[in-house]
Structure formats: C-alpha cells, structure tokens
Amino acid sequence: MKRKSPFGPSGVSYPALTMGLLLIGAPLLVVSLFSFLKRGSFGSGVVYKFTTDAYSSILIQTNLIGQHSLNTAYLSIIWRSIVLALSVTVICLLVGIPTAIWIALQKKSVQKILIILVTIPFWVNVLARTYAWMLLLADKGLLSQIGGPTLLYTNWATLIGLTYAFLPFMVLPVYAVAEKMDFRTLEAGFDLGASGWRVLFKVLLPTLKYGILSGIAVVFIPALGAYVQPSLLGGNKSMLIGSLINDQFGDSRNWPVGSALAVLLVLMTIFALGTFKFRGRFGRSATVPQDLGGVE
Amino acid sequence: MNSRGNGSALQIRDVSKTFTDAKGRLVHALKDVTLEIAHGEFIVLLGPSGCGKTTLLRSIAGFEEIDSGTISLGQMRLDQMAANRRPVNTVFQSYALFPHMSVEENVSFGLECEGLPRSEIKVRVAEMLDLVHLTELADRKPNQMSGGQQQRAALARALAKKPQVLLLDEPLAALDLKLRRAMQTELKRIHRATGTTFLFVTHDQNEAMALGDRIAVFSQGQLRQCGTPAEVYENPADEFVASFIGESTSFTGLVMDGILKFEELTFPIPRYELSSVSVAQIVVRPEAFSFETGEYKCGEVTIEETTYSGDSIEVIATLRSGKQIKIQSPVEILSALKVGSRHDLYVDPLRVRILHGAVADME
C-alpha cells in the first residue's frame with residue numbers, strides 16, 4: 001500500500017539535502033580550508049599554502065624579540081562569549097518556561113493571540129530593534145532619564161539585547177510541548193503526595209524536557225556567535241567572538257585567523273550540543289507502540 | 001474483606017460550592033450535599049455533565065476548595081488539608097500518567113514521596129502490577145500502551161498508596177464499549193480484592209447500575225437520591241431520577257379513589273391512601289406496560305413507532321393529545337403492532353411509581 005516516490009524511497013529528501021550541502025556544507029568546508037592556509041600579501045585573501053599558523057596565533061603570541069607566550073586576548077574574548085551566552089540562556093530559561101506554561105494554560109483562542117504577540121518582534125528587522133535598544137540604554141536615553149544607569153556599551157547592554165532577541169526562541173519550543181501536556185499530571189503528582197518542588201522537578205520539567213532542550217540549543221548557540229547586539233550595544237570594549245570574527249575578515253584582514261575562530265565556534269557549538277545530550281524530536285518518536293490491542 | 005455498614009468512612013456534610021462562569025453568572029456547583037459512605041463501599045456518583053459530581057470528587061481529592069460544609073474521613077477533617085496530605089487517591093479520566101516514566105516508575109512515584117525504603121517500594125509495586133495484570137508491561141512508557149492498559153496503570157498507581165478512599169473520575173469514559181465492560185468486571189474484582197472504599201464518578205447510568213453498591217444521583221449541584229441500584233430504579237425520588245436512570249414515562253393527573261386519570265388513560269395507585277381529591281405524578285417504566293390482557297387496562301393508544309432490538313421491541317405509542325409513551329414489549333407480537341394501529345394498553349399495578357413529594361392538594 002506504500003506510495004512510491006519516483007526518485008526512490010529517499011527521493012523527497014533530495015531538495016533539502018541539496019540545500020544543506022550547498023548552503024551549510026560547502027561554506028563550512030571553505031572556512032575549514034581557509035583556516036589552514038597562509039594569510040595573503042597585504043592581508044587580503046589567502047595564499048594556498050598549508051600552515052597551522054592561524055590556530056597557533058590564536059593561542060600563542062610572539063613578541064618583538066621572538067619570545068613566545070600564551071595569548072590571552074582571544075581566549076578571554078571566547079570565555080566572555082561563553083559566559084554571556086550562558087547567562088542569556090539561563091535568563092531565557094527562567095523567564096521563558098513560566099511564560100510558555102502560562103500561555104499553554106490559557107484558552108485556545110487566547111493562546112493563538114499570545115503566540116502571535118511573542119513572534120511580533122520577528123516582524124521588525126533585528127538591526128532596527130537593536131537600534132531601538134540603543135536609544136533606550138544610551139546616555140540621556142529613556143532608562144537614564146528615569147534615573148537608571150547608562151548601560152549602553154557595557155556587557156549589560158549586550159546581555160539585555162541578546163535576552164530580548166532570543167527569548168521567543170525559548171518560549172516557542174517550550175510552548176509547543178507544554179501545549180500538548182496533560183496538566184492533570186501535576187494534580188496527579190500532588191494527589192500521590194508529592195511536594196510542590198517534587199512536582200516541579202519530577203513531573204513538570206521532565207515532561208517539558210524536549211522543549212527545554214530545544215530552547216537551550218536555539219538560544220545558546222546563536223547567542224554564542226551573536227554579532228549584531230554585541231557590536232551595537234556592547235561596543236568595542238567588550239568584544240565577543242562574533243564581532244571578533246567579523247573584524248578578522250574586515251578591518252584586520254586576516255582571513256585564516258577569522259576562519260580558525262569560526263571553526264572553533266563550530267566545535268564549541270558541537271561540544272555544547274553534546275553536553276546537552278540533545279536528541280531533539282528524533283529520539284522521542286523512535287519508539288512506536290507495539291501492542292495497541294485489547295487488554296484481555 | 002468488604003465490610004459494609006461498618007460505620008461511615010467518608011462523611012460529606014452540607015457541602016456547597018459556587019463559582020462564576022465565563023458569563024459572570026453565579027453557578028451552584030454543589031448545593032448542601034450530604035452523603036455518608038461506608039467502609040469498603042463501592043459508591044457511584046451519577047449525573048449528567050455539569051451536575052456537580054466531578055466537583056464533589058475534586059473537592060474530596062483536594063483540587064477544589066469548598067465554600068461551606070465539611071468533608072471528613074472518620075475523625076479527620078479533609079477539607080482543610082492540602083491535596084498532597086489527604087489519604088485519598090485519584091484515578092483521572094485522562095489517566096494523567098507521567099509520560100516520561102515507565103509503568104513501574106509511575107506506580108512507585110507515590111511511594112517514593114512517602115520515603116519508603118527501596119526494597120519495600122519494589123515489593124509493593126510488584127504486588128500492584130500483579131493485581132492489575134500489568135507485570136509484563138512494567139517497563140513500558142504510557143505512550144506504548146493501549147487505553148485499557150494505561151487505565152490499569154493509573155489504577156495501580158493510585159492503589160499503591162493504599163488510600164482510604166479511591167476516587168475514580170469517569171475512568172472508563174475514553175474506552176470503547178467492549179473494553180469498558182471488561183474493565184467494569186475488573187474494577188469489581190479489584191474492589192473485592194483490596195476492600196478499599198471506591199467512589200466512582202460517571203454519567204453512564206448502565207455503568208452506575210453495573211458497578212455501584214449504591215448510586216448517588218446528582219443534578220444541578222444537588223444530590224437527588226442515594227440508594228442501591230434497585231432502589232433508584234424501582235423507586236425514583238423524583239422525575240429527574242426516573243428519567244435519568246432507565247427509560248420511563250411520567251404522568252401527572254387527578255387522583256380519585258385510587259385511580260389516577262391522565263387524558264384518556266387511567267392508572268391504579270394501589271399502595272397509597274390519598275385524600276379523595278389530589279394531584280399526583282407517577283412514572284411508569286417501559287417494561288411495566290404490556291399489550292397483552294391480564295393486568296390493569298389503562299386505555300387505548302396508537303402505535304407510533306416500533307424498534308426491534310433483538311430480545312424485545314421498543315414501542316412509542318401516542319395518546320390523542322400527542323403525548324408519547326415508551327413501552328417495551330416481547331418480540332412475539334411484533335407483527336401485530338402495525339404503525340398507526342390502535343391497541344389496548346395494560347400496566348402492572350405493582351410497578352406504577354408515585355414520585356415522593358409530588359403529591360399536592362389541588363387549588
């Protein structure tokens with residue numbers, strides 16, 4: 001009874017596969033290649049000659065008289081990026097999970113409206129939204145006018161801007177799972193004698209696990225490589241890895257180092273995914289009910 | 001083990017609860033409900049949706065707060081207690097099994113909350129899974145099981161806590177008819193085996209009759225009648241109970257010398273000494289009527305419709321005014337009951353029921 005695709009069983013995946021190879025695989029390959037090449041003369045482009053200079057220059061600096069020492073400049077930027085991305089993720093978790101649950105508890109018609117409200121920021125270009133935050137956080141901006149501190153060009157501004165930008169990415173996947181959740185299970189938890197904390201950590205959060213893991217992945221990873229908010233809101237004083245890569249291809253004209261940093265970012269991302277044991281939706285639906293027959 | 005009449009286990013006294021609905025109207029979910037449930041009893045709360053039966057169950061479980069009245073278990077006041085401290089457990093309509101846990105983990109959850117030692121939990125869980133015949137599926141997740149199996153898991157999870165009262169909120173509603181019948185038998189077996197007090201909520205009168213030691217019939221937040229299935233069927237307290245449990249036709253008319261007159265029909269009222277002139281309301285079950293001679297003759301009716309249902313014929317007959325009467329008749333006379341034909345209608349005088357409180361003097 002199975003309908004056959006004219007291109008064989010996997011025929012339908014060809015377009016997606018082609019897109020993936022062209023738009024993700026190929027650039028990744030080029031970047032990896034560039035990271036092992038020599039910097040071109042006058043700083044533009046690359047010379048096709050194998051070298052690991054780019055990687056070693058990230059870790060080791062050589063002073064004028066030829067002494068080697070650990071280069072902490074890049075490492076501190078990477079460390080700062082990780083701390084900031086983690087902070088953004090934690091704040092998004094703390095705000096996003098209750099928000100998603102609250103939305104899921106509303107009437108269906110209200111839920112639809114609330115979800116549209118959550119996605120409204122996407123309708124406006126991210127640059128425009130970030131400029132709006134600059135106006136709010138700047139010296140003599142709205143925040144300082146009402147007596148608050150001037151946060152623009154600090155790490156705090158970056159944190160606010162990133163949290164604002166990525167919060168919907170936490171709310172949406174958590175909501176997707178919460179919306180299908182049977183909230184009676186929480187009552188069942190209390191009914192069986194569990195405390196509020198126990199219901200939270202043994203029933204509610206485990207049930208929302210896949211939404212939360214997806215949320216962490218789609219917030220942490222882009223936050224780690226974010227470029228727009230750090231450069232506009234954080235300024236140059238608190239550079240992050242995203243702006244650093246941009247600078248290497250732009251002002252610094254060092255494509256191999258820029259590529260090497262990009263490769264490091266990809267590796268960090270893969271490491272992060274591994275840490276979260278991210279299995280997404282694939283792991284969950286792998287088990288198909290085997291016996292749906294009668295009980296007797 | 002089943003020890004009925006051993007003092008009451010659960011006492012519900014004058015319990016009322018109101019809430020405002022979406023349109024801002026005040027709704028009486030429960031109105032002065034008083035009910036005593038004996039140890040080991042299987043009581044069924046029956047009524048249409050919105051009648052308050054589920055609200056009462058949720059109030060006993062601790063998910064709803066009552067406005068007034070008391071709910072107590074022996075000497076223990078339940079209504080002031082937090083849900084997670086009450087010695088009652090619930091089987092939910094949606095089962096509400098924890099989706100990320102296996103059957104075994106679901107059943108042990110409540111015992112872990114009590115802080116029982118691992119070894120004891122293991123023994124108790126095995127015992128419960130054996131009771132509901134789920135031992136083989138202990139490692140399954142809820143979404144790998146059929147509705148009936150999930151139902152058993154939910155039952156085992158609640159019973160593992162050895163509750164004083166087991167609350168079952170329409171637990172069979174999601175199952176198909178055949179499975180529901182099988183589960184009813186199962187529930188009775190488990191009730192006998194555990195000796196626990198069962199409080200079962202349903203809107204299905206057949207289910208209520210099949211399961212309950214007693215049935216408490218609810219309508220619009222009020223307890224209309226509580227009695228054994230035979231009592232509520234044979235002696236309904238009011239028209240609502242009569243119409244909700246089984247089929248019946250009600251007649252209101254003038255009573256004179258033990259005879260009630262309703263349009264062109266008359267009914268004998270043998271058991272009641274009524275004042276010479278009064279108005280009474282009676283209800284008659286379809287099977288109390290007959291088209292065969294021998295019993296009391298009510299009058300003549302017109303056959304409107306006949307439905308063959310295997311072991312009997314369901315007949316709808318009309319009076320001249322158009323009033324419809326439900327009659328159950330043996331299949332043998334199907335050929336005689338032509339639609340539109342007129343027949344003499346007889347009634348068994350012993351099965352004519354006067355509704356309590358419906359008797360009133362005429363103006």
# chains A, B, ... in the order shown; residues from 1 in each chain; ligands from 1
call {"tool": "residues_around", "arguments": {"residues": "Leu46 in chain B", "least_positions_apart": "4", "cutoff": "9 Å", "atoms": "only C-alpha atoms", "output": "list of chain:residue names"}}
result
B:Cys51, B:Lys53, B:Phe200, B:Val201, B:Thr202, B:His203, B:Asp204, B:Gln205, B:Ala208, B:Ile215, B:Ala216, B:Val217, B:Phe218, B:Ser219
call {"tool": "select_by_dssp", "arguments": {"residues": "range 6-208 of chain B", "states": "strand (DSSP E or B)", "output": "PyMOL selection string"}}
result
chain B and resi 8-20+26-38+42-46+68-73+76-77+88-91+165-169+197-202
call {"tool": "interface_residues", "arguments": {"of": "chain B", "to": "chain A", "cutoff": "9 Å", "atoms": "only C-alpha atoms", "output": "PyMOL selection string"}}
result
chain B and resi 61-63+82-92+94-100+109-114+143-149+157-158+161+179+182
call {"tool": "residues_around", "arguments": {"residues": "range 223-229 of chain A", "least_positions_apart": "3", "cutoff": "6 Å", "atoms": "only C-alpha atoms", "output": "list in words"}}
result
Ser81, Ala85, Thr158, Gly161, Val219, Phe220, Leu232, Leu233, Gly242 and Ser243 of chain A
call {"tool": "select_by_dssp", "arguments": {"residues": "range 213-260 of chain B", "states": "alpha helix (DSSP H)", "output": "PyMOL selection string"}}
result
chain B and resi 229-234+239-244
call {"tool": "write_last_selection", "arguments": {"atoms": "C-alpha atoms", "output": "PDB file, in the first residue's frame"}}
result
ATOM      1  CA  PRO B 229     -29.331   0.390  42.059  1.00  0.00           C
ATOM      2  CA  ALA B 230     -32.647  -1.425  42.592  1.00  0.00           C
ATOM      3  CA  GLU B 231     -33.937   1.336  44.874  1.00  0.00           C
ATOM      4  CA  VAL B 232     -33.187   4.177  42.498  1.00  0.00           C
ATOM      5  CA  TYR B 233     -34.538   2.217  39.569  1.00  0.00           C
ATOM      6  CA  GLU B 234     -37.692   0.892  41.184  1.00  0.00           C
ATOM      7  CA  GLU B 239     -38.870  12.815  37.802  1.00  0.00           C
ATOM      8  CA  PHE B 240     -35.226  13.630  37.133  1.00  0.00           C
ATOM      9  CA  VAL B 241     -34.012  10.386  38.695  1.00  0.00           C
ATOM     10  CA  ALA B 242     -36.742   8.440  36.934  1.00  0.00           C
ATOM     11  CA  SER B 243     -35.834   9.842  33.544  1.00  0.00           C
ATOM     12  CA  PHE B 244     -32.086   9.720  34.061  1.00  0.00           C
TER      13      PHE B 244
END
call {"tool": "atom_distance", "arguments": {"atom1": "CA of Gly74 in chain B", "atom2": "CA of Ser108 in chain B"}}
result
27.3 Å
call {"tool": "residues_around", "arguments": {"residues": "Pro149 in chain A", "least_positions_apart": "5", "cutoff": "9 Å", "atoms": "only C-alpha atoms", "output": "JSON, numbers by chain"}}
result
{"A": [137, 139, 143, 144]}
call {"tool": "residues_around", "arguments": {"residues": "range 290-295 of chain B", "least_positions_apart": "5", "cutoff": "12 Å", "atoms": "only C-alpha atoms", "output": "ChimeraX atom specification"}}
result
/B:267-268,284-285,300-303,312-315,317,325-334,336-337,342-351
call {"tool": "closest_residue", "arguments": {"among": "A:Val263, A:Leu86, A:Asn71, A:Asn254", "to": "Ser44 in chain A", "atoms": "only C-alpha atoms"}}
result
A:Asn254
call {"tool": "closest_residue", "arguments": {"among": "A:Val171, A:Leu265, A:Ile65, A:Leu200", "to": "Thr119 in chain A", "atoms": "only C-alpha atoms"}}
result
A:Val171
call {"tool": "atom_distance", "arguments": {"atom1": "CA of Phe198 in chain B", "atom2": "CA of Ala173 in chain B"}}
result
16.8 Å
call {"tool": "closest_residue", "arguments": {"among": "B:Gln222, B:Thr194, B:Leu177, B:Gly246", "to": "Gln164 in chain B", "atoms": "only C-alpha atoms"}}
result
B:Thr194
call {"tool": "atom_distance", "arguments": {"atom1": "CA of Lys237 in chain A", "atom2": "CA of Leu267 in chain A"}}
result
25.6 Å
call {"tool": "decode", "arguments": {"residues": "range 192-225 of chain B", "atoms": "N, CA and C atoms", "output": "PDB file, in the first residue's frame"}}
result
ATOM      1  N   ARG B 192     -13.118  -5.919  45.280  1.00  0.00           N
ATOM      2  CA  ARG B 192     -13.258  -7.022  46.233  1.00  0.00           C
ATOM      3  C   ARG B 192     -11.898  -7.406  46.819  1.00  0.00           C
ATOM      4  N   ALA B 193     -10.886  -7.442  45.954  1.00  0.00           N
ATOM      5  CA  ALA B 193      -9.571  -7.904  46.393  1.00  0.00           C
ATOM      6  C   ALA B 193      -8.922  -6.945  47.391  1.00  0.00           C
ATOM      7  N   THR B 194      -9.140  -5.641  47.194  1.00  0.00           N
ATOM      8  CA  THR B 194      -8.471  -4.679  48.067  1.00  0.00           C
ATOM      9  C   THR B 194      -9.318  -4.263  49.264  1.00  0.00           C
ATOM     10  N   GLY B 195     -10.636  -4.348  49.121  1.00  0.00           N
ATOM     11  CA  GLY B 195     -11.514  -3.918  50.212  1.00  0.00           C
ATOM     12  C   GLY B 195     -11.517  -2.411  50.429  1.00  0.00           C
ATOM     13  N   THR B 196     -10.937  -1.672  49.474  1.00  0.00           N
ATOM     14  CA  THR B 196     -10.884  -0.211  49.581  1.00  0.00           C
ATOM     15  C   THR B 196     -12.254   0.391  49.256  1.00  0.00           C
ATOM     16  N   THR B 197     -12.546   1.540  49.866  1.00  0.00           N
ATOM     17  CA  THR B 197     -13.753   2.273  49.518  1.00  0.00           C
ATOM     18  C   THR B 197     -13.548   2.904  48.138  1.00  0.00           C
ATOM     19  N   PHE B 198     -14.469   2.653  47.218  1.00  0.00           N
ATOM     20  CA  PHE B 198     -14.375   3.218  45.870  1.00  0.00           C
ATOM     21  C   PHE B 198     -15.449   4.277  45.695  1.00  0.00           C
ATOM     22  N   LEU B 199     -15.037   5.463  45.236  1.00  0.00           N
ATOM     23  CA  LEU B 199     -16.012   6.483  44.884  1.00  0.00           C
ATOM     24  C   LEU B 199     -15.823   6.754  43.401  1.00  0.00           C
ATOM     25  N   PHE B 200     -16.841   6.406  42.627  1.00  0.00           N
ATOM     26  CA  PHE B 200     -16.720   6.341  41.171  1.00  0.00           C
ATOM     27  C   PHE B 200     -17.678   7.344  40.544  1.00  0.00           C
ATOM     28  N   VAL B 201     -17.148   8.229  39.709  1.00  0.00           N
ATOM     29  CA  VAL B 201     -17.995   9.237  39.069  1.00  0.00           C
ATOM     30  C   VAL B 201     -18.263   8.829  37.625  1.00  0.00           C
ATOM     31  N   THR B 202     -19.525   8.889  37.220  1.00  0.00           N
ATOM     32  CA  THR B 202     -19.839   8.573  35.829  1.00  0.00           C
ATOM     33  C   THR B 202     -21.125   9.275  35.406  1.00  0.00           C
ATOM     34  N   HIS B 203     -21.298   9.421  34.086  1.00  0.00           N
ATOM     35  CA  HIS B 203     -22.570   9.948  33.583  1.00  0.00           C
ATOM     36  C   HIS B 203     -23.352   8.823  32.916  1.00  0.00           C
ATOM     37  N   ASP B 204     -22.773   7.614  32.959  1.00  0.00           N
ATOM     38  CA  ASP B 204     -23.367   6.477  32.269  1.00  0.00           C
ATOM     39  C   ASP B 204     -24.182   5.652  33.265  1.00  0.00           C
ATOM     40  N   GLN B 205     -25.516   5.669  33.114  1.00  0.00           N
ATOM     41  CA  GLN B 205     -26.348   5.005  34.113  1.00  0.00           C
ATOM     42  C   GLN B 205     -26.183   3.484  34.114  1.00  0.00           C
ATOM     43  N   ASN B 206     -25.883   2.916  32.926  1.00  0.00           N
ATOM     44  CA  ASN B 206     -25.669   1.466  32.887  1.00  0.00           C
ATOM     45  C   ASN B 206     -24.441   1.087  33.703  1.00  0.00           C
ATOM     46  N   GLU B 207     -23.390   1.919  33.554  1.00  0.00           N
ATOM     47  CA  GLU B 207     -22.158   1.689  34.285  1.00  0.00           C
ATOM     48  C   GLU B 207     -22.421   1.799  35.787  1.00  0.00           C
ATOM     49  N   ALA B 208     -23.214   2.808  36.153  1.00  0.00           N
ATOM     50  CA  ALA B 208     -23.535   3.020  37.566  1.00  0.00           C
ATOM     51  C   ALA B 208     -24.268   1.810  38.135  1.00  0.00           C
ATOM     52  N   MET B 209     -25.237   1.307  37.378  1.00  0.00           N
ATOM     53  CA  MET B 209     -26.017   0.150  37.823  1.00  0.00           C
ATOM     54  C   MET B 209     -25.115  -1.078  37.959  1.00  0.00           C
ATOM     55  N   ALA B 210     -24.202  -1.225  36.989  1.00  0.00           N
ATOM     56  CA  ALA B 210     -23.355  -2.415  36.978  1.00  0.00           C
ATOM     57  C   ALA B 210     -22.353  -2.412  38.129  1.00  0.00           C
ATOM     58  N   LEU B 211     -21.893  -1.224  38.529  1.00  0.00           N
ATOM     59  CA  LEU B 211     -20.784  -1.162  39.468  1.00  0.00           C
ATOM     60  C   LEU B 211     -21.187  -0.893  40.913  1.00  0.00           C
ATOM     61  N   GLY B 212     -22.161  -0.007  41.100  1.00  0.00           N
ATOM     62  CA  GLY B 212     -22.362   0.560  42.427  1.00  0.00           C
ATOM     63  C   GLY B 212     -23.048  -0.347  43.436  1.00  0.00           C
ATOM     64  N   ASP B 213     -22.510  -0.356  44.685  1.00  0.00           N
ATOM     65  CA  ASP B 213     -23.300  -0.880  45.795  1.00  0.00           C
ATOM     66  C   ASP B 213     -24.465   0.085  46.019  1.00  0.00           C
ATOM     67  N   ARG B 214     -24.116   1.379  45.932  1.00  0.00           N
ATOM     68  CA  ARG B 214     -25.127   2.419  45.990  1.00  0.00           C
ATOM     69  C   ARG B 214     -24.848   3.430  44.889  1.00  0.00           C
ATOM     70  N   ILE B 215     -25.903   4.104  44.449  1.00  0.00           N
ATOM     71  CA  ILE B 215     -25.766   5.135  43.437  1.00  0.00           C
ATOM     72  C   ILE B 215     -26.261   6.443  44.024  1.00  0.00           C
ATOM     73  N   ALA B 216     -25.461   7.494  43.891  1.00  0.00           N
ATOM     74  CA  ALA B 216     -25.896   8.826  44.315  1.00  0.00           C
ATOM     75  C   ALA B 216     -26.152   9.633  43.055  1.00  0.00           C
ATOM     76  N   VAL B 217     -27.426  10.007  42.848  1.00  0.00           N
ATOM     77  CA  VAL B 217     -27.789  10.693  41.615  1.00  0.00           C
ATOM     78  C   VAL B 217     -27.746  12.204  41.849  1.00  0.00           C
ATOM     79  N   PHE B 218     -27.017  12.903  40.994  1.00  0.00           N
ATOM     80  CA  PHE B 218     -26.854  14.347  41.115  1.00  0.00           C
ATOM     81  C   PHE B 218     -27.495  15.051  39.940  1.00  0.00           C
ATOM     82  N   SER B 219     -28.029  16.248  40.233  1.00  0.00           N
ATOM     83  CA  SER B 219     -28.492  17.118  39.166  1.00  0.00           C
ATOM     84  C   SER B 219     -28.388  18.545  39.664  1.00  0.00           C
ATOM     85  N   GLN B 220     -27.841  19.405  38.855  1.00  0.00           N
ATOM     86  CA  GLN B 220     -27.693  20.826  39.165  1.00  0.00           C
ATOM     87  C   GLN B 220     -27.136  21.070  40.564  1.00  0.00           C
ATOM     88  N   GLY B 221     -26.095  20.325  40.886  1.00  0.00           N
ATOM     89  CA  GLY B 221     -25.406  20.549  42.150  1.00  0.00           C
ATOM     90  C   GLY B 221     -26.063  19.934  43.358  1.00  0.00           C
ATOM     91  N   GLN B 222     -27.185  19.289  43.144  1.00  0.00           N
ATOM     92  CA  GLN B 222     -27.882  18.706  44.294  1.00  0.00           C
ATOM     93  C   GLN B 222     -27.894  17.187  44.221  1.00  0.00           C
ATOM     94  N   LEU B 223     -27.846  16.584  45.406  1.00  0.00           N
ATOM     95  CA  LEU B 223     -27.986  15.137  45.494  1.00  0.00           C
ATOM     96  C   LEU B 223     -29.474  14.829  45.463  1.00  0.00           C
ATOM     97  N   ARG B 224     -29.925  14.148  44.412  1.00  0.00           N
ATOM     98  CA  ARG B 224     -31.359  13.894  44.256  1.00  0.00           C
ATOM     99  C   ARG B 224     -31.791  12.649  45.010  1.00  0.00           C
ATOM    100  N   GLN B 225     -30.964  11.617  44.928  1.00  0.00           N
ATOM    101  CA  GLN B 225     -31.318  10.369  45.585  1.00  0.00           C
ATOM    102  C   GLN B 225     -30.065   9.529  45.752  1.00  0.00           C
TER     103      GLN B 225
END
